[in-house]
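> start.pdb (PDB, C-alpha atoms) pasted underneath:
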ATOM      1  CA  MET C   1       0.000   0.000   0.000
ATOM      2  CA  LYS C   2       1.217   3.487  -0.820
ATOM      3  CA  ALA C   3       0.765   6.165   1.814
ATOM      4  CA  ILE C   4       1.104   9.777   0.677
ATOM      5  CA  ILE C   5       1.661  12.144   3.579
ATOM      6  CA  LEU C   6       1.681  15.900   2.996
ATOM      7  CA  VAL C   7       3.428  18.106   5.565
ATOM      8  CA  GLU C   8       4.400  21.758   5.653
ATOM      9  CA  GLY C   9       8.171  21.860   6.049
ATOM     10  CA  ASP C  10      11.448  19.951   6.079
ATOM     11  CA  SER C  11      11.527  19.376   9.838
ATOM     12  CA  ASP C  12       7.991  17.977   9.671
ATOM     13  CA  LYS C  13       9.025  15.705   6.800
ATOM     14  CA  ASN C  14      11.995  14.264   8.684
ATOM     15  CA  LEU C  15       9.952  13.704  11.827
ATOM     16  CA  ILE C  16       7.095  11.921  10.042
ATOM     17  CA  LYS C  17       9.309   9.878   7.720
ATOM     18  CA  GLN C  18      11.643   8.741  10.484
ATOM     19  CA  TYR C  19       8.819   8.067  12.915
ATOM     20  CA  CYS C  20       6.903   5.978  10.371
ATOM     21  CA  GLU C  21      10.083   3.976   9.676
ATOM     22  CA  LYS C  22      10.468   3.403  13.424
ATOM     23  CA  LEU C  23       6.874   2.168  13.686
ATOM     24  CA  GLN C  24       7.538  -0.218  10.814
ATOM     25  CA  LYS C  25      10.717  -1.551  12.421
ATOM     26  CA  ASP C  26       9.003  -2.275  15.731
ATOM     27  CA  GLY C  27       6.025  -3.899  13.982
ATOM     28  CA  THR C  28       3.460  -1.239  14.881
ATOM     29  CA  LEU C  29       2.941  -0.486  11.177
ATOM     30  CA  SER C  30       3.188  -2.946   8.313
ATOM     31  CA  SER C  31       6.518  -3.138   6.518
ATOM     32  CA  GLU C  32       4.508  -3.354   3.280
ATOM     33  CA  ILE C  33       3.521   0.330   3.453
ATOM     34  CA  ASP C  34       5.399   2.531   0.974
ATOM     35  CA  PHE C  35       5.652   6.011   2.502
ATOM     36  CA  ASP C  36       5.873   9.091   0.286
ATOM     37  CA  VAL C  37       6.238  12.165   2.507
ATOM     38  CA  GLN C  38       5.991  15.457   0.617
ATOM     39  CA  THR C  39       6.467  19.056   1.783
ATOM     40  CA  VAL C  40       3.952  21.616   0.525
ATOM     41  CA  LYS C  41       5.841  24.612   2.013
ATOM     42  CA  GLY C  42       2.879  26.071   3.886
ATOM     43  CA  TRP C  43      -0.656  24.841   4.531
ATOM     44  CA  THR C  44      -2.328  27.383   2.193
ATOM     45  CA  THR C  45      -0.490  25.860  -0.786
ATOM     46  CA  LEU C  46      -3.183  23.206  -1.071
ATOM     47  CA  ASP C  47      -5.746  25.859  -2.030
ATOM     48  CA  SER C  48      -3.510  27.663  -4.540
ATOM     49  CA  ASP C  49      -2.525  27.220  -8.175
ATOM     50  CA  GLY C  50       0.783  25.848  -6.926
ATOM     51  CA  GLY C  51      -1.060  23.138  -5.034
ATOM     52  CA  GLU C  52      -2.633  21.522  -8.090
ATOM     53  CA  SER C  53       0.119  18.910  -8.364
ATOM     54  CA  PHE C  54      -0.409  17.890  -4.734
ATOM     55  CA  ARG C  55      -4.192  17.743  -5.165
ATOM     56  CA  ASN C  56      -3.793  15.539  -8.227
ATOM     57  CA  MET C  57      -1.300  13.351  -6.395
ATOM     58  CA  LEU C  58      -3.895  12.626  -3.711
ATOM     59  CA  LYS C  59      -6.612  11.931  -6.271
ATOM     60  CA  ARG C  60      -4.427   9.431  -8.150
ATOM     61  CA  ASN C  61      -3.635   7.444  -5.002
ATOM     62  CA  LYS C  62      -7.013   5.691  -5.030
ATOM     63  CA  GLU C  63      -5.710   2.343  -3.798
ATOM     64  CA  GLY C  64      -3.594   3.839  -1.047
ATOM     65  CA  LYS C  65      -3.930   6.155   1.932
ATOM     66  CA  ASN C  66      -3.603   9.936   1.987
ATOM     67  CA  LEU C  67      -2.736  11.852   5.146
ATOM     68  CA  LEU C  68      -2.296  15.575   5.795
ATOM     69  CA  ILE C  69      -0.275  16.587   8.848
ATOM     70  CA  PHE C  70      -0.218  20.367   9.303
ATOM     71  CA  ASP C  71       0.152  22.890  12.137
ATOM     72  CA  ALA C  72      -2.939  23.819  14.141
ATOM     73  CA  ASP C  73      -1.456  27.257  14.918
ATOM     74  CA  GLN C  74      -3.718  29.436  17.087
ATOM     75  CA  ASP C  75      -7.134  28.053  16.159
ATOM     76  CA  PRO C  76      -7.296  24.315  15.441
ATOM     77  CA  GLU C  77     -11.060  24.258  14.892
ATOM     78  CA  THR C  78     -10.911  26.966  12.223
ATOM     79  CA  ARG C  79      -7.844  25.411  10.608
ATOM     80  CA  ARG C  80      -9.525  22.011  10.455
ATOM     81  CA  ALA C  81     -12.760  23.425   9.047
ATOM     82  CA  GLU C  82     -10.958  25.330   6.303
ATOM     83  CA  ILE C  83      -8.844  22.367   5.204
ATOM     84  CA  LEU C  84     -11.865  20.043   5.190
ATOM     85  CA  LEU C  85     -13.678  22.614   3.061
ATOM     86  CA  TRP C  86     -10.894  22.285   0.487
ATOM     87  CA  LYS C  87     -11.248  18.511   0.728
ATOM     88  CA  ASN C  88     -14.816  18.791  -0.505
ATOM     89  CA  ARG C  89     -14.142  21.578  -2.989
ATOM     90  CA  TYR C  90     -11.388  19.689  -4.791
ATOM     91  CA  GLN C  91     -12.888  16.231  -4.184
ATOM     92  CA  MET C  92      -9.807  14.923  -2.424
ATOM     93  CA  ASP C  93      -9.631  11.942  -0.105
ATOM     94  CA  PHE C  94      -7.424  12.296   3.000
ATOM     95  CA  GLU C  95      -7.334  12.162   6.789
ATOM     96  CA  LEU C  96      -6.111  15.200   8.719
ATOM     97  CA  PHE C  97      -3.896  15.574  11.788
ATOM     98  CA  LEU C  98      -2.990  18.947  13.278
ATOM     99  CA  PHE C  99       0.198  19.380  15.302
ATOM    100  CA  PRO C 100       0.818  19.121  18.200
ATOM    101  CA  ASN C 101      -1.833  16.545  19.183
ATOM    102  CA  ASN C 102      -4.877  17.046  16.897
ATOM    103  CA  THR C 103      -6.778  19.096  19.496
ATOM    104  CA  GLU C 104      -4.613  21.868  20.966
ATOM    105  CA  PRO C 105      -3.245  25.059  19.369
ATOM    106  CA  GLY C 106       0.395  24.851  18.367
ATOM    107  CA  ALA C 107       2.750  23.621  15.691
ATOM    108  CA  VAL C 108       5.318  20.920  15.041
ATOM    109  CA  GLU C 109       7.723  22.773  17.352
ATOM    110  CA  THR C 110       5.191  22.378  20.180
ATOM    111  CA  LEU C 111       5.351  18.620  19.708
ATOM    112  CA  LEU C 112       9.139  18.649  19.417
ATOM    113  CA  GLU C 113       9.451  20.320  22.800
ATOM    114  CA  ARG C 114       7.346  17.500  24.252
ATOM    115  CA  ILE C 115       9.592  14.762  22.876
ATOM    116  CA  ILE C 116      13.028  16.046  23.804
ATOM    117  CA  ASN C 117      15.246  13.622  25.717
ATOM    118  CA  PRO C 118      14.340  14.141  29.419
ATOM    119  CA  ALA C 119      18.061  14.369  30.227
ATOM    120  CA  ASN C 120      18.120  17.660  28.303
ATOM    121  CA  LYS C 121      15.219  19.371  30.095
ATOM    122  CA  CYS C 122      17.688  21.813  31.607
ATOM    123  CA  VAL C 123      18.281  23.341  28.173
ATOM    124  CA  ILE C 124      14.578  24.114  27.678
ATOM    125  CA  GLU C 125      14.280  25.352  31.272
ATOM    126  CA  CYS C 126      17.111  27.811  30.600
ATOM    127  CA  TRP C 127      15.297  28.984  27.478
ATOM    128  CA  HIS C 128      12.066  29.535  29.439
ATOM    129  CA  GLU C 129      13.966  31.535  32.048
ATOM    130  CA  TYR C 130      15.440  33.626  29.226
ATOM    131  CA  GLU C 131      11.895  34.307  27.962
ATOM    132  CA  ARG C 132      10.701  35.294  31.440
ATOM    133  CA  LEU C 133      13.611  37.707  31.880
ATOM    134  CA  LEU C 134      13.123  39.135  28.397
ATOM    135  CA  GLU C 135       9.463  39.918  29.105
ATOM    136  CA  LYS C 136      10.522  42.138  32.036
ATOM    137  CA  GLN C 137      12.877  44.282  29.991
ATOM    138  CA  ILE C 138      12.164  47.680  28.455
ATOM    139  CA  ILE C 139      13.642  48.962  25.203
ATOM    140  CA  PRO C 140      13.010  52.760  25.169
ATOM    141  CA  TRP C 141      12.969  53.269  21.397
ATOM    142  CA  LYS C 142      10.759  50.236  20.645
ATOM    143  CA  SER C 143       6.962  50.357  20.390
ATOM    144  CA  PRO C 144       5.702  48.494  22.288
ATOM    145  CA  GLN C 145       8.734  48.743  24.532
ATOM    146  CA  GLN C 146       8.792  45.082  25.569
ATOM    147  CA  PRO C 147      11.233  42.937  23.574
ATOM    148  CA  THR C 148       9.762  40.478  21.101
ATOM    149  CA  CYS C 149      10.131  36.907  22.337
ATOM    150  CA  PRO C 150      11.884  34.562  19.882
ATOM    151  CA  SER C 151       9.687  32.125  17.984
ATOM    152  CA  GLU C 152       9.109  28.460  18.792
ATOM    153  CA  LYS C 153      11.333  27.649  15.817
ATOM    154  CA  SER C 154      14.151  29.608  17.452
ATOM    155  CA  LYS C 155      13.672  27.624  20.661
ATOM    156  CA  ILE C 156      14.184  24.316  18.848
ATOM    157  CA  TYR C 157      17.217  25.711  17.010
ATOM    158  CA  GLY C 158      18.617  26.882  20.343
ATOM    159  CA  TYR C 159      17.937  23.509  21.957
ATOM    160  CA  LEU C 160      19.803  21.614  19.241
ATOM    161  CA  GLU C 161      22.638  24.122  19.048
ATOM    162  CA  ALA C 162      23.286  23.565  22.753
ATOM    163  CA  LEU C 163      23.682  19.830  22.106
ATOM    164  CA  VAL C 164      25.811  19.638  18.951
ATOM    165  CA  GLY C 165      29.476  20.481  18.521
ATOM    166  CA  THR C 166      31.001  23.697  17.223
ATOM    167  CA  THR C 167      32.238  22.507  13.820
ATOM    168  CA  LYS C 168      30.397  23.324  10.608
ATOM    169  CA  PRO C 169      29.288  19.681  10.059
ATOM    170  CA  GLU C 170      27.906  19.619  13.590
ATOM    171  CA  LYS C 171      26.069  22.925  13.075
ATOM    172  CA  GLU C 172      24.518  21.515   9.889
ATOM    173  CA  LYS C 173      22.648  19.000  12.052
ATOM    174  CA  ILE C 174      20.554  21.857  13.461
ATOM    175  CA  LYS C 175      18.933  22.723  10.125
ATOM    176  CA  ASP C 176      15.393  21.498   9.505
ATOM    177  CA  LYS C 177      16.351  19.374   6.505
ATOM    178  CA  ASN C 178      19.148  17.585   8.407
ATOM    179  CA  ARG C 179      17.437  16.777  11.691
ATOM    180  CA  ASN C 180      17.702  13.213  12.913
ATOM    181  CA  PHE C 181      14.814  12.437  15.226
ATOM    182  CA  THR C 182      16.132   8.927  15.846
ATOM    183  CA  GLU C 183      19.110  10.449  17.712
ATOM    184  CA  VAL C 184      18.215   9.232  21.197
ATOM    185  CA  ASN C 185      20.497  11.742  22.893
ATOM    186  CA  HIS C 186      18.296  14.508  21.489
ATOM    187  CA  TRP C 187      14.803  13.019  21.116
ATOM    188  CA  ASP C 188      12.495  10.515  22.793
ATOM    189  CA  LEU C 189      10.188   8.904  20.229
ATOM    190  CA  GLU C 190       8.555   6.921  23.046
ATOM    191  CA  ALA C 191       7.458  10.082  24.872
ATOM    192  CA  GLU C 192       3.842  10.533  25.916
ATOM    193  CA  GLY C 193       3.585  13.661  23.777
ATOM    194  CA  ILE C 194       3.865  11.685  20.527
ATOM    195  CA  ILE C 195       1.097   9.184  21.358
ATOM    196  CA  PRO C 196      -1.694  11.154  19.579
ATOM    197  CA  LEU C 197       0.378  11.173  16.379
ATOM    198  CA  ARG C 198       1.139   7.473  16.741
ATOM    199  CA  ASP C 199      -2.541   6.657  17.273
ATOM    200  CA  PHE C 200      -3.506   8.720  14.208
ATOM    201  CA  LEU C 201      -0.971   6.926  12.010
ATOM    202  CA  VAL C 202      -1.893   3.473  13.278
ATOM    203  CA  SER C 203      -5.645   4.012  12.945
ATOM    204  CA  ASN C 204      -5.305   5.232   9.348
ATOM    205  CA  LEU C 205      -2.603   2.909   8.045
ATOM    206  CA  GLN C 206      -3.778  -0.510   9.212
TER
END
Re-express the file's structure as structure tokens.

Amino acid sequence: MKAIILVEGDSDKNLIKQYCEKLQKDGTLSSEIDFDVQTVKGWTTLDSDGGESFRNMLKRNKEGKNLLIFDADQDPETRRAEILLWKNRYQMDFELFLFPNNTEPGAVETLLERIINPANKCVIECWHEYERLLEKQIIPWKSPQQPTCPSEKSKIYGYLEALVGTTKPEKEKIKDKNRNFTEVNHWDLEAEGIIPLRDFLVSNLQ
């Protein structure tokens, strides 16, 4: 069976591809499934002229399974409703999962924070303390005067940068396209936070 999975970015692609391979290796998913994980470079692509190739790809996969795994962002209910509207408009067949857990607001980075190796919690705690201190600062020329907190993406970059070496090859590991989520010193793919994703994959790929 062929499973086409559309995701938004390179980090998402690596996570889903590597996690599906893990589930196949441990027997949770069938080894007969042929995974094709594609990045659409932003969830709105599916409703644009540039998304026609992806829409056609889903329509052609009649004997397989189609999954969309996108970010919920701030309003998961609205995001889900809009994407399902496109499903009907373009007569596509797919099942939808929204990061981090199919119910809460957030993004892939929200899930990633939940599956970091517990031994590295101190790194994230330092980052949170940095955010708390930053919120208390005043920058006179800025309007509003409070500093802008770095994004969730920056937090994950900072987390990984604290763990890798200082050479250029080591720094390359931080980039979205190079992330290895099977690196047990960095990530815990058995963490409770990934269970909703696992359950979604299992229920739709059996």
> Using all atoms listed in the file for the distances, tell me which of C:Ala191, C:Cys126, C:Ile69, C:Val164 is nearest to Phe99 of chain C.
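Using all atoms listed in the file, Phe99 of chain C sits closest to C:Ile69.
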> For each of C:Leu201, C:Ile194, C:Leu68, C:Leu29, take the minimum atom-to-atom distance to Phe94 of chain C, counting all atoms listed in the file, then give the residue where this is smallest.
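Of C:Leu201, C:Ile194, C:Leu68, C:Leu29, the one nearest Phe94 of chain C, counting all atoms listed in the file, is C:Leu68.
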> Name the closest residue to Leu96 of chain C among the candidates C:Lys65, C:Glu109, C:Ala119, C:Ile138; distances are taken between atoms, counting only C-alpha atoms.
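Under the stated criterion, the closest residue is C:Lys65.
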> In terms of the shortest atom-to-atom distance over only C-alpha atoms, which of C:Tyr90, C:Tyr130, C:Trp141, C:Phe97 is closest to Phe54 of chain C?
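Of all the options, C:Tyr90 lies closest to Phe54 of chain C.
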> For the structure provided, state which residues fall under the PyMOL selection byres ((chain C and resi 79) around 12), and present them as an NGL selection string.
:C and (43-44 or 69-78 or 80-86 or 96-99 or 102-107)
> Based on the selection just made, write C-alpha atoms of those residues as a short mmCIF file (atom, residue, chain, number, x, y, z; two decimals), in the coordinates of the input.

data_model
loop_
_atom_site.label_atom_id
_atom_site.label_comp_id
_atom_site.auth_asym_id
_atom_site.auth_seq_id
_atom_site.Cartn_x
_atom_site.Cartn_y
_atom_site.Cartn_z
CA TRP C 43 -0.66 24.84 4.53
CA THR C 44 -2.33 27.38 2.19
CA ILE C 69 -0.28 16.59 8.85
CA PHE C 70 -0.22 20.37 9.30
CA ASP C 71 0.15 22.89 12.14
CA ALA C 72 -2.94 23.82 14.14
CA ASP C 73 -1.46 27.26 14.92
CA GLN C 74 -3.72 29.44 17.09
CA ASP C 75 -7.13 28.05 16.16
CA PRO C 76 -7.30 24.32 15.44
CA GLU C 77 -11.06 24.26 14.89
CA THR C 78 -10.91 26.97 12.22
CA ARG C 80 -9.52 22.01 10.46
CA ALA C 81 -12.76 23.42 9.05
CA GLU C 82 -10.96 25.33 6.30
CA ILE C 83 -8.84 22.37 5.20
CA LEU C 84 -11.86 20.04 5.19
CA LEU C 85 -13.68 22.61 3.06
CA TRP C 86 -10.89 22.28 0.49
CA LEU C 96 -6.11 15.20 8.72
CA PHE C 97 -3.90 15.57 11.79
CA LEU C 98 -2.99 18.95 13.28
CA PHE C 99 0.20 19.38 15.30
CA ASN C 102 -4.88 17.05 16.90
CA THR C 103 -6.78 19.10 19.50
CA GLU C 104 -4.61 21.87 20.97
CA PRO C 105 -3.24 25.06 19.37
CA GLY C 106 0.40 24.85 18.37
CA ALA C 107 2.75 23.62 15.69
#
> Could you please determine the separation between atom CA of Val37 of chain C and atom CA of Glu190 of chain C in Å, to one decimal place?
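Going from atom CA of Val37 of chain C over to atom CA of Glu190 of chain C, I get 21.3 Å.
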> Between C:Asp47, C:Glu95, C:Glu161, C:Glu192, which is the closest to Ile124 of chain C once you count all atoms listed in the file?
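Smallest distance to Ile124 of chain C is found for C:Glu161.
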> Which value, in Å to one decimal, gives the distance between atom CA of Asp34 of chain C and atom CA of Lys59 of chain C?
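The value is 16.9 Å.
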> For the provided coordinates, the residues matched by the PyMOL selection byres ((chain C and resi 162) around 12) should be stated as a PDB file with C-alpha atoms, in the coordinates of the input.

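File out-v6.pdb, as written:
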ATOM      1  CA  ASN C 120      18.120  17.660  28.303  1.00  0.00           C
ATOM      2  CA  LYS C 121      15.219  19.371  30.095  1.00  0.00           C
ATOM      3  CA  CYS C 122      17.688  21.813  31.607  1.00  0.00           C
ATOM      4  CA  VAL C 123      18.281  23.341  28.173  1.00  0.00           C
ATOM      5  CA  ILE C 124      14.578  24.114  27.678  1.00  0.00           C
ATOM      6  CA  CYS C 126      17.111  27.811  30.600  1.00  0.00           C
ATOM      7  CA  TRP C 127      15.297  28.984  27.478  1.00  0.00           C
ATOM      8  CA  LYS C 155      13.672  27.624  20.661  1.00  0.00           C
ATOM      9  CA  ILE C 156      14.184  24.316  18.848  1.00  0.00           C
ATOM     10  CA  TYR C 157      17.217  25.711  17.010  1.00  0.00           C
ATOM     11  CA  GLY C 158      18.617  26.882  20.343  1.00  0.00           C
ATOM     12  CA  TYR C 159      17.937  23.509  21.957  1.00  0.00           C
ATOM     13  CA  LEU C 160      19.803  21.614  19.241  1.00  0.00           C
ATOM     14  CA  GLU C 161      22.638  24.122  19.048  1.00  0.00           C
ATOM     15  CA  LEU C 163      23.682  19.830  22.106  1.00  0.00           C
ATOM     16  CA  VAL C 164      25.811  19.638  18.951  1.00  0.00           C
ATOM     17  CA  GLY C 165      29.476  20.481  18.521  1.00  0.00           C
ATOM     18  CA  THR C 166      31.001  23.697  17.223  1.00  0.00           C
ATOM     19  CA  GLU C 170      27.906  19.619  13.590  1.00  0.00           C
ATOM     20  CA  LYS C 171      26.069  22.925  13.075  1.00  0.00           C
ATOM     21  CA  LYS C 173      22.648  19.000  12.052  1.00  0.00           C
ATOM     22  CA  ILE C 174      20.554  21.857  13.461  1.00  0.00           C
ATOM     23  CA  HIS C 186      18.296  14.508  21.489  1.00  0.00           C
TER      24      HIS C 186
END
> Out of C:Arg114, C:Gln18, C:Asp10, C:Asn56, which residue has the shortest atom-to-atom distance to Met92 of chain C when counting all atoms listed in the file?
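Checking each of C:Arg114, C:Gln18, C:Asp10, C:Asn56 against Met92 of chain C, counting all atoms listed in the file, the winner is C:Asn56.
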> Which residues, written as a list in words, have at least one atom at most 7 Å from Gly64 of chain C, with all atoms listed in the file counted and residues fewer than 4 positions away on the same chain left out?
Met1, Lys2 and Ala3 of chain C
> For atom CA of Glu63 of chain C and atom CA of Val108 of chain C, determine how far apart the two atoms are, in Å to one decimal place.
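If I compute the distance from atom CA of Glu63 of chain C to atom CA of Val108 of chain C, I get 28.7 Å.
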> The PyMOL selection byres ((chain C and resi 144-149) around 12) on the file shown: which residues, as a CSV table (one decimal) with C-alpha atoms, in the frame of the given file?

chain,number,residue,atom,x,y,z
C,127,TRP,CA,15.3,29.0,27.5
C,128,HIS,CA,12.1,29.5,29.4
C,129,GLU,CA,14.0,31.5,32.0
C,130,TYR,CA,15.4,33.6,29.2
C,131,GLU,CA,11.9,34.3,28.0
C,132,ARG,CA,10.7,35.3,31.4
C,133,LEU,CA,13.6,37.7,31.9
C,134,LEU,CA,13.1,39.1,28.4
C,135,GLU,CA,9.5,39.9,29.1
C,136,LYS,CA,10.5,42.1,32.0
C,137,GLN,CA,12.9,44.3,30.0
C,138,ILE,CA,12.2,47.7,28.5
C,139,ILE,CA,13.6,49.0,25.2
C,140,PRO,CA,13.0,52.8,25.2
C,141,TRP,CA,13.0,53.3,21.4
C,142,LYS,CA,10.8,50.2,20.6
C,143,SER,CA,7.0,50.4,20.4
C,150,PRO,CA,11.9,34.6,19.9
C,151,SER,CA,9.7,32.1,18.0
C,152,GLU,CA,9.1,28.5,18.8
C,153,LYS,CA,11.3,27.6,15.8
C,154,SER,CA,14.2,29.6,17.5
C,155,LYS,CA,13.7,27.6,20.7
> Kindly reconstruct segment 150-167 of chain C with N, CA and C atoms and present the result as a compact mmCIF listing (two decimals), in the coordinates of the input.

# COMPACT_ATOMS: atom_id res chain seq x y z
N PRO C 150 11.54 35.39 21.04
CA PRO C 150 11.88 34.56 19.88
C PRO C 150 10.79 33.53 19.61
N SER C 151 10.71 33.07 18.39
CA SER C 151 9.69 32.12 17.98
C SER C 151 9.96 30.72 18.53
N GLU C 152 8.94 29.86 18.41
CA GLU C 152 9.11 28.46 18.79
C GLU C 152 10.19 27.79 17.94
N LYS C 153 10.28 28.20 16.68
CA LYS C 153 11.33 27.65 15.82
C LYS C 153 12.71 27.97 16.39
N SER C 154 12.87 29.20 16.88
CA SER C 154 14.15 29.61 17.45
C SER C 154 14.48 28.78 18.69
N LYS C 155 13.45 28.43 19.46
CA LYS C 155 13.67 27.62 20.66
C LYS C 155 14.25 26.26 20.30
N ILE C 156 13.70 25.63 19.26
CA ILE C 156 14.18 24.32 18.85
C ILE C 156 15.59 24.43 18.28
N TYR C 157 15.86 25.49 17.51
CA TYR C 157 17.22 25.71 17.01
C TYR C 157 18.18 25.86 18.18
N GLY C 158 17.77 26.66 19.17
CA GLY C 158 18.62 26.88 20.34
C GLY C 158 18.86 25.60 21.13
N TYR C 159 17.81 24.79 21.27
CA TYR C 159 17.94 23.51 21.96
C TYR C 159 18.98 22.62 21.29
N LEU C 160 18.87 22.48 19.96
CA LEU C 160 19.80 21.61 19.24
C LEU C 160 21.21 22.19 19.22
N GLU C 161 21.32 23.51 19.10
CA GLU C 161 22.64 24.12 19.05
C GLU C 161 23.39 23.90 20.36
N ALA C 162 22.65 23.81 21.45
CA ALA C 162 23.29 23.56 22.75
C ALA C 162 23.81 22.14 22.87
N LEU C 163 23.33 21.25 21.99
CA LEU C 163 23.68 19.83 22.11
C LEU C 163 24.74 19.37 21.11
N VAL C 164 24.85 20.07 19.97
CA VAL C 164 25.81 19.64 18.95
C VAL C 164 27.15 20.33 19.17
N GLY C 165 28.14 19.90 18.41
CA GLY C 165 29.48 20.48 18.52
C GLY C 165 29.58 21.82 17.81
N THR C 166 30.79 22.35 17.75
CA THR C 166 31.00 23.70 17.22
C THR C 166 31.48 23.71 15.77
N THR C 167 31.76 22.54 15.20
CA THR C 167 32.24 22.51 13.82
C THR C 167 31.08 22.75 12.85
